[in-house]
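One file, model-v6.pdb, carrying PDB, C-alpha atoms:
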```pdb
ATOM      1  CA  MET A   1    -119.193 128.708 261.888
ATOM      2  CA  SER A   2    -122.562 130.372 262.243
ATOM      3  CA  GLU A   3    -125.370 128.353 263.753
ATOM      4  CA  LEU A   4    -127.103 128.325 260.369
ATOM      5  CA  GLY A   5    -123.975 126.634 259.055
ATOM      6  CA  GLY A   6    -124.355 124.048 261.827
ATOM      7  CA  ALA A   7    -127.995 123.479 260.912
ATOM      8  CA  LEU A   8    -127.101 123.015 257.237
ATOM      9  CA  TRP A   9    -124.256 120.638 258.165
ATOM     10  CA  ALA A  10    -126.774 118.573 260.149
ATOM     11  CA  THR A  11    -129.132 118.437 257.154
ATOM     12  CA  ILE A  12    -126.584 117.608 254.428
ATOM     13  CA  PRO A  13    -126.250 113.861 255.355
ATOM     14  CA  LEU A  14    -130.018 113.481 254.880
ATOM     15  CA  LEU A  15    -129.792 115.150 251.458
ATOM     16  CA  VAL A  16    -126.822 112.989 250.415
ATOM     17  CA  VAL A  17    -128.549 109.757 251.536
ATOM     18  CA  GLY A  18    -131.599 110.725 249.449
ATOM     19  CA  LEU A  19    -129.501 111.567 246.375
ATOM     20  CA  TYR A  20    -127.623 108.262 246.754
ATOM     21  CA  GLY A  21    -130.980 106.438 246.759
ATOM     22  CA  ILE A  22    -132.014 108.132 243.508
ATOM     23  CA  ALA A  23    -128.690 107.245 241.869
ATOM     24  CA  ALA A  24    -128.215 103.693 243.103
ATOM     25  CA  ARG A  25    -131.642 102.071 243.538
ATOM     26  CA  ARG A  26    -133.584 100.303 240.780
ATOM     27  CA  ASN A  27    -136.993  99.798 242.392
ATOM     28  CA  LEU A  28    -139.382 102.613 241.359
ATOM     29  CA  VAL A  29    -141.052 102.789 244.787
ATOM     30  CA  ARG A  30    -137.623 102.928 246.473
ATOM     31  CA  ILE A  31    -136.572 105.776 244.146
ATOM     32  CA  MET A  32    -139.803 107.558 245.064
ATOM     33  CA  LEU A  33    -139.000 107.163 248.771
ATOM     34  CA  ALA A  34    -135.491 108.568 248.123
ATOM     35  CA  LEU A  35    -137.037 111.587 246.362
ATOM     36  CA  GLU A  36    -139.231 112.170 249.412
ATOM     37  CA  ILE A  37    -136.091 112.133 251.612
ATOM     38  CA  VAL A  38    -134.512 114.799 249.374
ATOM     39  CA  GLY A  39    -137.747 116.804 249.667
ATOM     40  CA  ALA A  40    -137.723 116.539 253.471
ATOM     41  CA  ALA A  41    -134.083 117.719 253.538
ATOM     42  CA  THR A  42    -134.907 120.671 251.270
ATOM     43  CA  VAL A  43    -137.811 121.796 253.464
ATOM     44  CA  THR A  44    -135.616 121.459 256.562
ATOM     45  CA  MET A  45    -132.876 123.595 254.995
ATOM     46  CA  LEU A  46    -135.387 126.287 254.047
ATOM     47  CA  GLY A  47    -136.847 126.145 257.570
ATOM     48  CA  ALA A  48    -133.364 126.563 259.086
ATOM     49  CA  ALA A  49    -132.698 129.501 256.761
ATOM     50  CA  ALA A  50    -136.059 130.993 257.806
ATOM     51  CA  ALA A  51    -135.098 130.699 261.470
ATOM     52  CA  ALA A  52    -131.731 132.350 260.819
ATOM     53  CA  LYS A  53    -132.395 135.035 258.275
ATOM     54  CA  TRP A  54    -135.303 134.797 255.856
ATOM     55  CA  GLN A  55    -138.049 134.698 258.503
ATOM     56  CA  ALA A  56    -141.543 134.430 256.960
ATOM     57  CA  SER A  57    -140.287 134.288 253.352
ATOM     58  CA  GLY A  58    -138.196 131.228 254.150
ATOM     59  CA  GLU A  59    -141.155 129.479 255.745
ATOM     60  CA  VAL A  60    -143.393 130.209 252.743
ATOM     61  CA  LEU A  61    -140.656 128.870 250.419
ATOM     62  CA  GLY A  62    -140.517 125.774 252.618
ATOM     63  CA  LEU A  63    -144.270 125.361 252.242
ATOM     64  CA  LEU A  64    -143.894 125.712 248.461
ATOM     65  CA  ALA A  65    -141.204 122.987 248.489
ATOM     66  CA  LEU A  66    -143.493 120.769 250.586
ATOM     67  CA  VAL A  67    -146.308 121.202 248.039
ATOM     68  CA  ALA A  68    -143.864 120.283 245.248
ATOM     69  CA  VAL A  69    -142.880 117.147 247.204
ATOM     70  CA  GLY A  70    -146.561 116.241 247.543
ATOM     71  CA  ILE A  71    -147.118 116.714 243.809
ATOM     72  CA  GLU A  72    -144.215 114.514 242.725
ATOM     73  CA  GLY A  73    -145.247 111.959 245.329
ATOM     74  CA  ALA A  74    -148.803 111.808 243.912
ATOM     75  CA  LEU A  75    -147.546 111.487 240.318
ATOM     76  CA  LEU A  76    -144.993 108.791 241.167
ATOM     77  CA  ILE A  77    -147.538 106.800 243.162
ATOM     78  CA  ALA A  78    -149.884 106.902 240.147
ATOM     79  CA  LEU A  79    -147.033 105.705 237.890
ATOM     80  CA  ALA A  80    -146.023 102.992 240.370
ATOM     81  CA  THR A  81    -149.622 101.713 240.564
ATOM     82  CA  LEU A  82    -149.836 101.702 236.750
ATOM     83  CA  PHE A  83    -146.549  99.789 236.263
ATOM     84  CA  ASN A  84    -147.471  97.409 239.069
ATOM     85  CA  GLU A  85    -150.745  96.555 237.337
ATOM     86  CA  MET A  86    -149.274  96.386 233.812
ATOM     87  CA  TYR A  87    -145.939  94.637 234.383
ATOM     88  CA  GLY A  88    -146.009  93.421 237.995
ATOM     89  CA  ASP A  89    -142.442  94.712 238.252
ATOM     90  CA  MET A  90    -140.920  97.892 239.631
ATOM     91  CA  ASP A  91    -137.372  97.491 238.325
ATOM     92  CA  VAL A  92    -136.692 100.667 236.335
ATOM     93  CA  ILE A  93    -134.165  98.884 234.079
ATOM     94  CA  VAL A  94    -136.804  96.284 233.148
ATOM     95  CA  LEU A  95    -139.413  99.015 232.639
ATOM     96  CA  LYS A  96    -136.997 101.033 230.494
ATOM     97  CA  GLU A  97    -136.432  98.031 228.235
ATOM     98  CA  GLY A  98    -140.164  97.700 227.723
ATOM     99  CA  GLY A  99    -140.881  95.035 230.341
ATOM    100  CA  GLU A 100    -143.093  92.048 229.788
ATOM    101  CA  GLU A 101    -146.723  93.052 229.757
ATOM    102  CA  LYS A 102    -148.966  90.691 231.692
TER     103      LYS A 102
ATOM    104  CA  MET B   1    -131.908 124.663 270.635
ATOM    105  CA  ILE B   2    -129.500 123.928 267.796
ATOM    106  CA  GLU B   3    -128.284 120.888 269.779
ATOM    107  CA  VAL B   4    -131.803 119.392 269.742
ATOM    108  CA  PHE B   5    -132.023 120.161 266.014
ATOM    109  CA  ILE B   6    -128.738 118.338 265.292
ATOM    110  CA  LEU B   7    -129.773 115.361 267.469
ATOM    111  CA  LEU B   8    -133.131 115.015 265.692
ATOM    112  CA  MET B   9    -131.507 115.373 262.264
ATOM    113  CA  GLY B  10    -129.032 112.619 263.165
ATOM    114  CA  ALA B  11    -131.932 110.316 264.043
ATOM    115  CA  ALA B  12    -133.721 111.319 260.811
ATOM    116  CA  THR B  13    -130.604 110.439 258.779
ATOM    117  CA  MET B  14    -130.499 106.991 260.396
ATOM    118  CA  PHE B  15    -134.149 106.388 259.464
ATOM    119  CA  ALA B  16    -133.361 107.657 255.938
ATOM    120  CA  ALA B  17    -130.623 105.016 255.720
ATOM    121  CA  ALA B  18    -133.215 102.427 256.781
ATOM    122  CA  VAL B  19    -135.465 103.653 253.924
ATOM    123  CA  LEU B  20    -132.726 102.803 251.418
ATOM    124  CA  TRP B  21    -131.208  99.656 252.903
ATOM    125  CA  ASP B  22    -134.159  97.785 254.445
ATOM    126  CA  PRO B  23    -135.032  94.947 252.017
ATOM    127  CA  ASP B  24    -138.698  95.066 253.109
ATOM    128  CA  ILE B  25    -140.204  97.970 251.185
ATOM    129  CA  VAL B  26    -143.163  98.421 253.573
ATOM    130  CA  ARG B  27    -140.817  98.836 256.534
ATOM    131  CA  ALA B  28    -138.791 101.260 254.390
ATOM    132  CA  ALA B  29    -141.900 103.360 253.730
ATOM    133  CA  ALA B  30    -142.747 103.295 257.463
ATOM    134  CA  SER B  31    -139.249 104.647 258.132
ATOM    135  CA  LEU B  32    -140.034 107.525 255.763
ATOM    136  CA  VAL B  33    -142.902 108.541 258.073
ATOM    137  CA  MET B  34    -140.318 108.780 260.867
ATOM    138  CA  VAL B  35    -138.010 110.885 258.650
ATOM    139  CA  PHE B  36    -140.788 113.431 258.076
ATOM    140  CA  LEU B  37    -141.806 113.412 261.751
ATOM    141  CA  LEU B  38    -138.249 113.926 263.030
ATOM    142  CA  THR B  39    -137.396 116.685 260.512
ATOM    143  CA  GLY B  40    -140.685 118.391 261.415
ATOM    144  CA  PHE B  41    -139.857 118.235 265.133
ATOM    145  CA  ALA B  42    -136.332 119.534 264.380
ATOM    146  CA  LEU B  43    -137.870 122.581 262.692
ATOM    147  CA  LEU B  44    -140.173 123.089 265.659
ATOM    148  CA  ALA B  45    -137.102 122.984 267.927
ATOM    149  CA  ILE B  46    -135.484 125.973 266.172
ATOM    150  CA  GLY B  47    -138.699 127.980 266.249
ATOM    151  CA  ALA B  48    -139.820 127.605 262.631
ATOM    152  CA  TRP B  49    -143.131 126.205 263.842
ATOM    153  CA  PHE B  50    -145.200 126.998 260.738
ATOM    154  CA  VAL B  51    -143.117 125.002 258.268
ATOM    155  CA  GLY B  52    -142.385 122.441 261.013
ATOM    156  CA  ALA B  53    -146.092 121.858 261.611
ATOM    157  CA  MET B  54    -146.661 121.615 257.847
ATOM    158  CA  GLN B  55    -143.841 119.074 257.616
ATOM    159  CA  VAL B  56    -145.527 116.919 260.265
ATOM    160  CA  LEU B  57    -149.076 117.373 258.938
ATOM    161  CA  LEU B  58    -148.460 117.272 255.164
ATOM    162  CA  GLY B  59    -145.213 115.318 255.072
ATOM    163  CA  ALA B  60    -145.770 112.604 257.657
ATOM    164  CA  GLY B  61    -149.557 112.726 257.472
ATOM    165  CA  ALA B  62    -150.117 112.760 253.723
ATOM    166  CA  VAL B  63    -147.043 112.288 251.529
ATOM    167  CA  ALA B  64    -145.369 109.539 253.564
ATOM    168  CA  VAL B  65    -148.651 107.694 254.119
ATOM    169  CA  LEU B  66    -149.262 107.792 250.338
ATOM    170  CA  ALA B  67    -145.791 106.298 249.880
ATOM    171  CA  LEU B  68    -146.715 103.609 252.423
ATOM    172  CA  TYR B  69    -149.816 102.839 250.335
ATOM    173  CA  ALA B  70    -147.660 102.474 247.192
ATOM    174  CA  ALA B  71    -145.317 100.129 249.065
ATOM    175  CA  ILE B  72    -148.160  97.985 250.443
ATOM    176  CA  THR B  73    -149.768  97.550 247.001
ATOM    177  CA  THR B  74    -146.443  96.531 245.424
ATOM    178  CA  LYS B  75    -146.481  92.883 244.392
ATOM    179  CA  LYS B  76    -142.776  92.277 245.073
ATOM    180  CA  ARG B  77    -142.554  93.372 248.689
ATOM    181  CA  LYS B  78    -139.075  91.998 249.349
ATOM    182  CA  GLU B  79    -136.476  93.617 247.166
ATOM    183  CA  VAL B  80    -133.107  92.072 246.389
ATOM    184  CA  LEU B  81    -130.781  95.008 246.872
ATOM    185  CA  ARG B  82    -128.176  95.133 244.150
ATOM    186  CA  ALA B  83    -125.077  97.209 244.600
ATOM    187  CA  PRO B  84    -123.554  97.847 241.188
ATOM    188  CA  HIS B  85    -120.320  99.793 240.782
ATOM    189  CA  ALA B  86    -122.384 102.807 239.736
ATOM    190  CA  GLY B  87    -123.766 102.903 243.290
ATOM    191  CA  LYS B  88    -120.275 103.054 244.817
ATOM    192  CA  ILE B  89    -119.208 105.803 242.408
ATOM    193  CA  ALA B  90    -122.432 107.705 243.197
ATOM    194  CA  ALA B  91    -121.760 107.321 246.943
ATOM    195  CA  LEU B  92    -118.222 108.686 246.543
ATOM    196  CA  ALA B  93    -119.299 111.599 244.323
ATOM    197  CA  LEU B  94    -122.209 112.530 246.598
ATOM    198  CA  GLY B  95    -119.991 112.284 249.686
ATOM    199  CA  ILE B  96    -117.555 114.775 248.133
ATOM    200  CA  LEU B  97    -120.481 116.990 247.074
ATOM    201  CA  GLY B  98    -121.945 116.919 250.592
ATOM    202  CA  ILE B  99    -118.630 117.846 252.223
ATOM    203  CA  SER B 100    -118.115 120.629 249.656
ATOM    204  CA  ILE B 101    -121.552 122.100 250.351
ATOM    205  CA  GLY B 102    -120.820 121.841 254.057
ATOM    206  CA  PHE B 103    -117.556 123.805 253.720
ATOM    207  CA  LEU B 104    -119.358 126.429 251.650
ATOM    208  CA  THR B 105    -121.749 126.970 254.552
ATOM    209  CA  LEU B 106    -118.894 127.566 257.019
ATOM    210  CA  ASN B 107    -118.968 131.276 256.301
ATOM    211  CA  THR B 108    -122.738 131.556 255.893
ATOM    212  CA  PRO B 109    -123.812 134.820 257.468
ATOM    213  CA  GLY B 110    -126.718 134.909 259.880
ATOM    214  CA  VAL B 111    -127.135 133.778 263.454
ATOM    215  CA  LEU B 112    -129.797 131.319 264.509
ATOM    216  CA  THR B 113    -131.596 133.246 267.209
ATOM    217  CA  VAL B 114    -134.591 132.255 269.288
ATOM    218  CA  TYR B 115    -137.065 132.598 266.468
ATOM    219  CA  SER B 116    -140.807 132.138 266.571
ATOM    220  CA  SER B 117    -142.963 132.187 263.455
ATOM    221  CA  ASP B 118    -145.096 135.254 263.061
ATOM    222  CA  THR B 119    -148.425 134.251 261.524
ATOM    223  CA  GLY B 120    -149.108 137.786 260.312
ATOM    224  CA  ALA B 121    -145.785 138.011 258.485
ATOM    225  CA  ILE B 122    -146.301 134.578 256.913
ATOM    226  CA  ALA B 123    -149.794 135.553 255.770
ATOM    227  CA  ASP B 124    -148.380 138.789 254.314
ATOM    228  CA  VAL B 125    -145.859 136.898 252.208
ATOM    229  CA  LEU B 126    -148.345 134.202 251.246
ATOM    230  CA  PHE B 127    -151.274 136.390 250.276
ATOM    231  CA  ARG B 128    -149.810 139.802 249.443
ATOM    232  CA  ASP B 129    -148.635 138.396 246.149
ATOM    233  CA  ILE B 130    -151.730 136.501 245.049
ATOM    234  CA  GLY B 131    -149.779 134.928 242.167
ATOM    235  CA  LEU B 132    -148.119 132.525 244.592
ATOM    236  CA  THR B 133    -151.441 131.243 245.908
ATOM    237  CA  VAL B 134    -152.813 130.844 242.371
ATOM    238  CA  ALA B 135    -149.619 129.071 241.262
ATOM    239  CA  LEU B 136    -149.841 126.651 244.203
ATOM    240  CA  SER B 137    -153.487 125.869 243.468
ATOM    241  CA  LEU B 138    -152.777 125.337 239.757
ATOM    242  CA  LEU B 139    -149.821 123.071 240.514
ATOM    243  CA  LEU B 140    -151.943 120.901 242.787
ATOM    244  CA  LEU B 141    -154.792 120.798 240.248
ATOM    245  CA  VAL B 142    -152.453 119.807 237.398
ATOM    246  CA  ALA B 143    -150.890 117.093 239.563
ATOM    247  CA  LEU B 144    -154.261 115.649 240.527
ATOM    248  CA  ILE B 145    -155.502 115.650 236.909
ATOM    249  CA  ALA B 146    -152.237 114.060 235.702
ATOM    250  CA  SER B 147    -152.466 111.365 238.396
ATOM    251  CA  ALA B 148    -156.063 110.593 237.430
ATOM    252  CA  TYR B 149    -155.061 110.518 233.735
ATOM    253  CA  ILE B 150    -152.275 108.008 234.374
ATOM    254  CA  ILE B 151    -154.262 105.799 236.706
ATOM    255  CA  ARG B 152    -157.276 105.540 234.403
ATOM    256  CA  TYR B 153    -155.429 103.001 232.198
ATOM    257  CA  VAL B 154    -155.490 100.543 235.072
ATOM    258  CA  PHE B 155    -159.269 100.722 235.309
ATOM    259  CA  LEU B 156    -159.713 100.716 231.507
ATOM    260  CA  ARG B 157    -157.691  97.493 231.334
ATOM    261  CA  GLU B 158    -159.851  95.898 234.004
ATOM    262  CA  VAL B 159    -163.065  96.977 232.254
ATOM    263  CA  ARG B 160    -161.823  95.596 228.904
ATOM    264  CA  ALA B 161    -160.764  92.339 230.536
TER     265      ALA B 161
END
```
Translate the structure of the given file into structure tokens.
Amino acid sequence: MSELGGALWATIPLLVVGLYGIAARRNLVRIMLALEIVGAATVTMLGAAAAAKWQASGEVLGLLALVAVGIEGALLIALATLFNEMYGDMDVIVLKEGGEEK
Amino acid sequence: MIEVFILLMGAATMFAAAVLWDPDIVRAAASLVMVFLLTGFALLAIGAWFVGAMQVLLGAGAVAVLALYAAITTKKRKEVLRAPHAGKIAALALGILGISIGFLTLNTPGVLTVYSSDTGAIADVLFRDIGLTVALSLLLLVALIASAYIIRYVFLREVRA
């Protein structure tokens, strides 16, 4: 196994935990936190690839991924604040069914 | 330094588990700050200091703190964690997926050498193709406008009330 393989192996549990959170959680804020975990794992994988092979290109791709994580974080926080004010609930199943507006 | 990287990633995974399984959502968001910090330090350990520093500054300093803000303003701070069957199936499927990806990386070419970011090379990649810089700026601008557009309903409701 190359050392890049080792680095990716070390990062995969983080990615899987994040994906599990997206699939299994119902609270919108919790899903947002899980998405951030997936983002952190992605940036780490790109950073490991940069250290092994891609050098500067890998680091710039990592920066791009980090910006994307920031963007989805900002949008989800805006949505969470909106739903919190409108429904007082963050359960995505309740929100999907229309919720009960305050 | 790969040993330090693996150690830090193990700690980050444990904090990630705390993000998902801690019933207190504010504590969960605080754990996310630790996830970003530890992954950033792991990147610094293997010499990718540019993206590592960005992970610490932007990830732990901005994104995770924003998430903490969202958690603090949530009305239902304590969440009753439900574990439907879908969650168990998802855990099984993702476990298999993770192991499969891991085996695929067994033969990944490339050796992790003592690498140190070269600012000049990074600047070359970042600015030589100006399209990337413009795309990044536009993405951020669109995100900020969209966030403001969504959030304005909250204030409109308060004004009308």
List the residues selected by the PyMOL selection byres ((chain A and resi 76-83) around 8) in the file shown, writing them as a list in words.
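Applied to this file, the PyMOL selection byres ((chain A and resi 76-83) around 8) selects Leu28, Val29, Met32, Glu72, Gly73, Ala74, Leu75, Asn84, Glu85, Met86, Tyr87, Gly88, Asp89 and Met90 of chain A; Leu66, Ala67, Ala70, Thr73, Thr74, Ser147, Ala148, Ile150, Ile151, Tyr153 and Val154 of chain B.
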Name the residues captured by the PyMOL selection byres ((chain B and resi 13) around 9) when it is applied to the shown file; answer as a short mmCIF file (atom, residue, chain, number, x, y, z; two decimals) with C-alpha atoms, keeping the file's coordinate frame.
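Below you can see expr.cif, which holds the result:
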```
data_model
loop_
_atom_site.label_atom_id
_atom_site.label_comp_id
_atom_site.auth_asym_id
_atom_site.auth_seq_id
_atom_site.Cartn_x
_atom_site.Cartn_y
_atom_site.Cartn_z
CA THR A 11 -129.13 118.44 257.15
CA PRO A 13 -126.25 113.86 255.36
CA LEU A 14 -130.02 113.48 254.88
CA LEU A 15 -129.79 115.15 251.46
CA VAL A 17 -128.55 109.76 251.54
CA LEU B 8 -133.13 115.02 265.69
CA MET B 9 -131.51 115.37 262.26
CA GLY B 10 -129.03 112.62 263.17
CA ALA B 11 -131.93 110.32 264.04
CA ALA B 12 -133.72 111.32 260.81
CA MET B 14 -130.50 106.99 260.40
CA PHE B 15 -134.15 106.39 259.46
CA ALA B 16 -133.36 107.66 255.94
CA ALA B 17 -130.62 105.02 255.72
CA ALA B 18 -133.22 102.43 256.78
CA VAL B 35 -138.01 110.88 258.65
#
```
Could you name the residues that touch Ile71 of chain A at 9 Å or less, counting all atoms listed in the file, but leaving out those on the same chain fewer than 3 positions away, as a PyMOL selection string?
(chain A and resi 66-68+74-76) or (chain B and resi 63+139-140+142-144)
Could you name the residues that touch Leu46 of chain A at 7 Å or less, counting only C-alpha atoms, but leaving out those on the same chain fewer than 3 positions away, as an MDAnalysis selection string?
chainID A and resid 42:43 49:50 58:59 61:62
When you draw a straight line from atom CA of Leu38 of chain B to atom CA of Ile22 of chain A, how long is it in Å?
21.3 Å
What is the atom CA of Ala41 of chain A to atom CA of Gly18 of chain A distance in Å?
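Interatomic distance, atom CA of Ala41 of chain A to atom CA of Gly18 of chain A: 8.5 Å.
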Interatomic distance (Å, one decimal) between atom CA of Leu32 of chain B and atom CA of Leu57 of chain B:
13.7 Å
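Closest approach to chain A among B:Ile72, B:Gly47, B:Leu37, B:Met1: B:Gly47, based on only C-alpha atoms.
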Evaluate the PyMOL selection byres ((chain A and resi 27) around 8) and report residues as a ChimeraX atom specification
/A:25-26,28-31,90-92 /B:79
Just C-alpha atoms for this one: save the residues we selected as a short mmCIF file (atom, residue, chain, number, x, y, z; two decimals), keeping the file's coordinate frame.
```
data_model
loop_
_atom_site.label_atom_id
_atom_site.label_comp_id
_atom_site.auth_asym_id
_atom_site.auth_seq_id
_atom_site.Cartn_x
_atom_site.Cartn_y
_atom_site.Cartn_z
CA ARG A 25 -131.64 102.07 243.54
CA ARG A 26 -133.58 100.30 240.78
CA LEU A 28 -139.38 102.61 241.36
CA VAL A 29 -141.05 102.79 244.79
CA ARG A 30 -137.62 102.93 246.47
CA ILE A 31 -136.57 105.78 244.15
CA MET A 90 -140.92 97.89 239.63
CA ASP A 91 -137.37 97.49 238.32
CA VAL A 92 -136.69 100.67 236.34
CA GLU B 79 -136.48 93.62 247.17
#
```
Please report, as AutoDock Vina command-line options, the centre and edge lengths in Å to one decimal of an axis-aligned box covering all listed atoms of segment 55-64 of chain A with 4 Å per side.
```
--center_x -141.2 --center_y 130.0 --center_z 253.5 --size_x 14.2 --size_y 17.3 --size_z 18.0
```
When you count all atoms listed in the file, which of these residues is closest to chain A: B:Arg27, B:Val134, B:Ala53, B:Ile6?
B:Ile6
Missing atoms in segment 27-35 of chain A: can you complete it with all heavy atoms, as an mmCIF file, in the coordinates of the input?
```cif
data_model
loop_
_atom_site.group_PDB
_atom_site.id
_atom_site.type_symbol
_atom_site.label_atom_id
_atom_site.label_comp_id
_atom_site.auth_asym_id
_atom_site.auth_seq_id
_atom_site.Cartn_x
_atom_site.Cartn_y
_atom_site.Cartn_z
ATOM 1 N N ASN A 27 -135.553 99.955 242.161
ATOM 2 C CA ASN A 27 -136.993 99.798 242.392
ATOM 3 C C ASN A 27 -137.666 101.171 242.356
ATOM 4 O O ASN A 27 -137.228 102.108 243.027
ATOM 5 C CB ASN A 27 -137.194 99.129 243.753
ATOM 6 C CG ASN A 27 -138.642 98.801 244.020
ATOM 7 O OD1 ASN A 27 -139.490 99.674 243.991
ATOM 8 N ND2 ASN A 27 -138.924 97.548 244.281
ATOM 9 N N LEU A 28 -138.733 101.305 241.547
ATOM 10 C CA LEU A 28 -139.382 102.613 241.359
ATOM 11 C C LEU A 28 -139.915 103.183 242.675
ATOM 12 O O LEU A 28 -139.779 104.383 242.947
ATOM 13 C CB LEU A 28 -140.520 102.493 240.339
ATOM 14 C CG LEU A 28 -141.200 103.786 239.951
ATOM 15 C CD1 LEU A 28 -140.242 104.711 239.216
ATOM 16 C CD2 LEU A 28 -142.409 103.524 239.063
ATOM 17 N N VAL A 29 -140.511 102.310 243.506
ATOM 18 C CA VAL A 29 -141.052 102.789 244.787
ATOM 19 C C VAL A 29 -139.913 103.271 245.682
ATOM 20 O O VAL A 29 -140.012 104.296 246.356
ATOM 21 C CB VAL A 29 -141.872 101.678 245.488
ATOM 22 C CG1 VAL A 29 -142.343 102.141 246.854
ATOM 23 C CG2 VAL A 29 -143.060 101.299 244.637
ATOM 24 N N ARG A 30 -138.775 102.545 245.645
ATOM 25 C CA ARG A 30 -137.623 102.928 246.473
ATOM 26 C C ARG A 30 -137.072 104.279 245.995
ATOM 27 O O ARG A 30 -136.695 105.115 246.808
ATOM 28 C CB ARG A 30 -136.557 101.836 246.367
ATOM 29 C CG ARG A 30 -135.405 102.007 247.302
ATOM 30 C CD ARG A 30 -135.652 101.438 248.660
ATOM 31 N NE ARG A 30 -135.836 100.000 248.655
ATOM 32 C CZ ARG A 30 -135.888 99.279 249.754
ATOM 33 N NH1 ARG A 30 -135.762 99.846 250.932
ATOM 34 N NH2 ARG A 30 -136.098 97.989 249.698
ATOM 35 N N ILE A 31 -137.049 104.485 244.682
ATOM 36 C CA ILE A 31 -136.572 105.776 244.146
ATOM 37 C C ILE A 31 -137.517 106.889 244.602
ATOM 38 O O ILE A 31 -137.085 107.990 244.964
ATOM 39 C CB ILE A 31 -136.476 105.709 242.604
ATOM 40 C CG1 ILE A 31 -135.364 104.750 242.191
ATOM 41 C CG2 ILE A 31 -136.208 107.087 242.010
ATOM 42 C CD1 ILE A 31 -135.338 104.430 240.717
ATOM 43 N N MET A 32 -138.821 106.577 244.603
ATOM 44 C CA MET A 32 -139.803 107.558 245.064
ATOM 45 C C MET A 32 -139.559 107.918 246.540
ATOM 46 O O MET A 32 -139.587 109.093 246.917
ATOM 47 C CB MET A 32 -141.199 106.971 244.900
ATOM 48 C CG MET A 32 -142.304 107.947 245.095
ATOM 49 S SD MET A 32 -143.860 107.094 245.118
ATOM 50 C CE MET A 32 -143.929 106.579 246.801
ATOM 51 N N LEU A 33 -139.284 106.906 247.349
ATOM 52 C CA LEU A 33 -139.000 107.163 248.771
ATOM 53 C C LEU A 33 -137.746 108.036 248.922
ATOM 54 O O LEU A 33 -137.706 108.948 249.753
ATOM 55 C CB LEU A 33 -138.811 105.845 249.530
ATOM 56 C CG LEU A 33 -140.015 104.883 249.573
ATOM 57 C CD1 LEU A 33 -139.650 103.625 250.345
ATOM 58 C CD2 LEU A 33 -141.224 105.528 250.196
ATOM 59 N N ALA A 34 -136.726 107.768 248.065
ATOM 60 C CA ALA A 34 -135.491 108.568 248.123
ATOM 61 C C ALA A 34 -135.776 110.022 247.750
ATOM 62 O O ALA A 34 -135.239 110.950 248.362
ATOM 63 C CB ALA A 34 -134.443 107.962 247.195
ATOM 64 N N LEU A 35 -136.652 110.219 246.746
ATOM 65 C CA LEU A 35 -137.037 111.587 246.362
ATOM 66 C C LEU A 35 -137.721 112.314 247.511
ATOM 67 O O LEU A 35 -137.517 113.512 247.727
ATOM 68 C CB LEU A 35 -137.985 111.536 245.159
ATOM 69 C CG LEU A 35 -137.337 111.619 243.782
ATOM 70 C CD1 LEU A 35 -138.359 111.290 242.711
ATOM 71 C CD2 LEU A 35 -136.787 113.009 243.533
#
```
